[in-house]
Each structure stands twice: as C-alpha cells, then as structure tokens.
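Enquirer: Below: one structure in structure tokens.
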Amino acid sequence: MALSDIYNGLELIESGKNRGSTDYLASAKKLGVSEDELRQIVTKVKGMYSREPNSNFTVVDYVEKLHAAHLTASDIGIGEGKYQASRLDHTQPYTVSNFQFELQKDNLQERNVRNSEKDHPNGQSIVTPEGEYPSAKSAAEAFGVDVKTILRWCEDGSDKYAGWWKKGKYPEKVTARLKASGKRFWANDNIAEFVDVDLLIQDLTPRFEDVLRGLVIDVDTDPNSMGTAKRLAKMYALETMEGRYTQPPAVTAFPNDDAETRYGGMIVVRSEILSMCSHHHQPVKGVAYIGLIPGVKVIGLSKYTRIAQHCARRGTLQEELTQEICNEITKATGAKDVAVYIQATHGCCENRGILAHSSLTQTCELRGQFFNPSVKNEFLDYIKMQQQFAGNRT
Ligand SMILES: [Zn+2]
C-alpha cells in the first residue's frame, strides 16, 4: 500500500464528521486493510505526532509530512514493511530516527512561523514611535498591555509602520502607558512626559473629522469645514489644552535669604488667564491674583503668570485651577504662605445653559499666613488696587 493510499484513507477518517467505527470501516475497506490495521496506523501516526505539543495538526497533516519526506509506512514502523510504497523515491532513504529529527526541526520552524505570525501579522518586529520591539510580547510588556492589545494596534498594517498608525492608535498607546505607570490623566493633569504633541495631532485629526461627519457636516466639499478637523486637533493640542501636553515653564529662583536685603513683604501678581471648563469645553476667561510672602527664594515676576497660564491651559474647573496654581507657586518658590484669587466668566454659562452674560465666578485659596485676617485683608486690598489700576488702564 502506498502512503498516498493511507493518506486518502486517513483523510476520509479525518473529514468524517463522526469519527466512529463506521468511518474506520469505510476507510479500511477502501484501503483494503482490516479495520484493526487501520486503527493501528492511526494510533501510531497520532502517537508520533503527539510529540509535538500544542499541535493542531491532524493525521492527514502528518501523513502529508511523510509524503514530503518520501517516507514509507514501514520507515516509521507501521505494518513492518507490509505497506510497500510504490511511488516513493528511495534515493534518499530515511530512517525512523532521522525522520523524527527532521520532523522536529520542521515543527520547530513551523512553530516559529506560527509564533511570529501570532506576534505580528507580518511576522515582523513591532515598530513603534518609541522604538522597535522584537515581538508583540516584548512590546506588550513595554506598554503595559496584553499581547492582544498590541496586535489590535498593529492590525491592518501593510507595512510595519502603517499597522501601528493607520487606525490612529497613538492616544490608546499613550493611555496604556499611563495606566501601566499608574499616572492619572484627568482633563487637568499634565501628561507631557508621556505625549509627543505632533504624533497626537496626527492622530487627533481623523478623529475630529469623524466627529464633524457625525454632526453631518460635509467636510469633503464645504470649504469652511474642510480643514476644520486639523484646526481643531491643533487648537486642542497646542492651545486650549496646551498645559496638559507641555512641560511646566522653566523657572529660575533667586535667593531671598540675606538677613539685610531679604524681602519680607507681600507680593501680589495679577495674571490674565484663559482656560476651558472640563464639562463643556467652553472658555473660562478671567484674572488670577497670586499673593505670597516669599520664603528663602523668589522667582521672576513674569513666571507667576507663566505658571498660572500653564495650569489654566487645559480642561479644568475654576476651583481646581485655583488650587493647582497655588500648588505650582508653592513648588516653584518654596513659600508656605500663598494665596490665589480667581475671578472668571464661563462660556458654559454665557453661551449655553442659563445664558448668563454677566455672571462672574470667584474662587479663593488661602494657605499659611493668609488665614490670618490682617494678611488676608491686605491681600484683598491689593486686589482692589490692582482692579482699579487695570480698570484705569482700559
Ligand atoms: Zn462647563
């Protein structure tokens, strides 16, 4: 019997929906062997194949391998030479052991191919903006996500970059890294060290386009809407939410510790701020008054405003913003006595909702000596003077 016959017979068995004795019987009949003999062959073949762990190969696959290796059934010890393979080429005879070796090698290669396919659709390494990873597994580890997620990110790549980029996975990737590092990323959190703004804009643009299409705006022919997606992406990343994606301003501190020249009074700086409410993404426009009694160092006057604006340029609530500016000023100056007063108008009250055009929101955060009524009153007096000054100027 030729291996091709065995193959055919086994294929019959394998393709049979019920792999019961009926199939064996039919196959055996077809092959001209007894059912018992056929069972022996199958057991033998399957037994050998079971050396390969996690193999999804069927007996048919296995016999195909025998064919490819020009092996006779007797070579693998089936039927002790009973089955003579008429179509086998014996110029390169295989013994059972060297066949097994070849088979193992083959399987190994096959497994490697399968694994690399599993790792990456193209069997390539994973190339990300942050570097190249030899496998999806290593990329998954680096980004703190599971392999499945990495594969999803790479999904439909025609080349190794396209897969990563095409579907605009950059924000998801950043999100995964933020989660992996346990870093909070609320609307008012600075995540500059995790984000490349150019890459973000690149990915944001098609998403804004989706939103515009969702609003049923003809972004393809309306000349006023054609570039809007890109404008929105840039506006969010570089302007209205700029404070999330850029590092805080560099602040140089100057010593204020000389006993003779040390300034011990109050500093009050008026800073115009533009922010955006987290709830509606509407503008929040106003003025922050930053007061402090300096400690052993002071910072340049313009830095107070830079810090305030950096805190403001993101989605925030005025209450949060007041505290955040306080925190950052404390950090930059080392002063313990800090106060921030903000008054602002909110687009979400003016342009929508209650449509209140003259509503003003005031928030005030006091720390250290500013709880002392006389210090607090001094601060409030300075604010009044500042307001008069600003009013006189305009
Ligand atoms: Zn709002």
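Labels for the structure tokens follow display order: chains A, B, ..., residues from 1 in each chain, ligands from 1.
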Please write out the residues within 8 Å of ligand 1 as a PyMOL selection string, counting only C-alpha atoms and all ligand atoms.
Expert: chain A and resi 276-282+346-349
Enquirer: Please dump the current selection as a PDB file, in the first residue's frame; keep C-alpha atoms.
Expert:
ATOM      1  CA  MET A 276     -11.531  75.776  29.420  1.00  0.00           C
ATOM      2  CA  CYS A 277     -14.113  74.010  31.542  1.00  0.00           C
ATOM      3  CA  SER A 278     -13.761  70.238  31.673  1.00  0.00           C
ATOM      4  CA  HIS A 279     -17.521  69.776  31.499  1.00  0.00           C
ATOM      5  CA  HIS A 280     -18.375  71.601  28.286  1.00  0.00           C
ATOM      6  CA  HIS A 281     -15.008  72.581  26.812  1.00  0.00           C
ATOM      7  CA  GLN A 282     -16.179  76.172  26.862  1.00  0.00           C
ATOM      8  CA  HIS A 346     -17.560  80.925  31.958  1.00  0.00           C
ATOM      9  CA  GLY A 347     -18.566  80.177  28.406  1.00  0.00           C
ATOM     10  CA  CYS A 348     -20.715  77.362  29.618  1.00  0.00           C
ATOM     11  CA  CYS A 349     -22.871  79.879  31.495  1.00  0.00           C
TER      12      CYS A 349
END
Enquirer: With only C-alpha atoms as the counted atoms, please give the residues lying no more than 10 Å from Val338 (chain A), apart from itself and same-chain residues fewer than 2 positions off, as a list of chain:residue names.
Expert: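 Residues near the query, excluding close chain neighbours: A:Met266, A:Ile267, A:Val268, A:Ile290, A:Gly291, A:Leu292, A:Ile293, A:Pro294, A:Ile325, A:Cys326, A:Asn327, A:Ile329, A:Thr330, A:Thr333, A:Gly334, A:Ala335, A:Lys336, A:Val340, A:Glu365, A:Leu366, A:Arg367, A:Gly368, A:Gln369, A:Phe370, A:Phe371.
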Enquirer: Apply DSSP to the structure's backbone, then extract all residues of region 234-275 of chain A labelled helix (DSSP H, G or I) and return them as a compact mmCIF listing (two decimals) with N, CA and C atoms, in the first residue's frame.
Expert:
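The new file states-v4.txt reads:
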# COMPACT_ATOMS: atom_id res chain seq x y z
N LYS A 234 -5.11 70.80 16.24
CA LYS A 234 -4.01 71.69 16.62
C LYS A 234 -4.43 72.62 17.76
N MET A 235 -5.67 73.09 17.69
CA MET A 235 -6.13 74.01 18.72
C MET A 235 -6.13 73.34 20.10
N TYR A 236 -6.65 72.14 20.14
CA TYR A 236 -6.67 71.43 21.44
C TYR A 236 -5.26 71.14 21.94
N ALA A 237 -4.44 70.58 21.04
CA ALA A 237 -3.12 70.12 21.48
C ALA A 237 -2.16 71.27 21.77
N LEU A 238 -2.25 72.34 20.97
CA LEU A 238 -1.25 73.42 21.08
C LEU A 238 -1.78 74.64 21.81
N GLU A 239 -3.10 74.73 21.97
CA GLU A 239 -3.63 75.94 22.59
C GLU A 239 -4.52 75.63 23.81
N THR A 240 -5.76 75.25 23.57
CA THR A 240 -6.68 75.19 24.71
C THR A 240 -6.29 74.14 25.75
N GLU A 242 -2.99 73.01 25.92
CA GLU A 242 -1.53 73.01 25.84
C GLU A 242 -0.86 72.66 27.17
N GLY A 243 -1.47 73.08 28.25
CA GLY A 243 -0.88 72.86 29.58
C GLY A 243 -0.85 71.40 30.01
N ARG A 244 -1.58 70.56 29.28
CA ARG A 244 -1.53 69.12 29.59
C ARG A 244 -0.33 68.47 28.91
N TYR A 245 0.01 68.98 27.73
CA TYR A 245 0.97 68.28 26.88
C TYR A 245 2.36 68.88 26.87
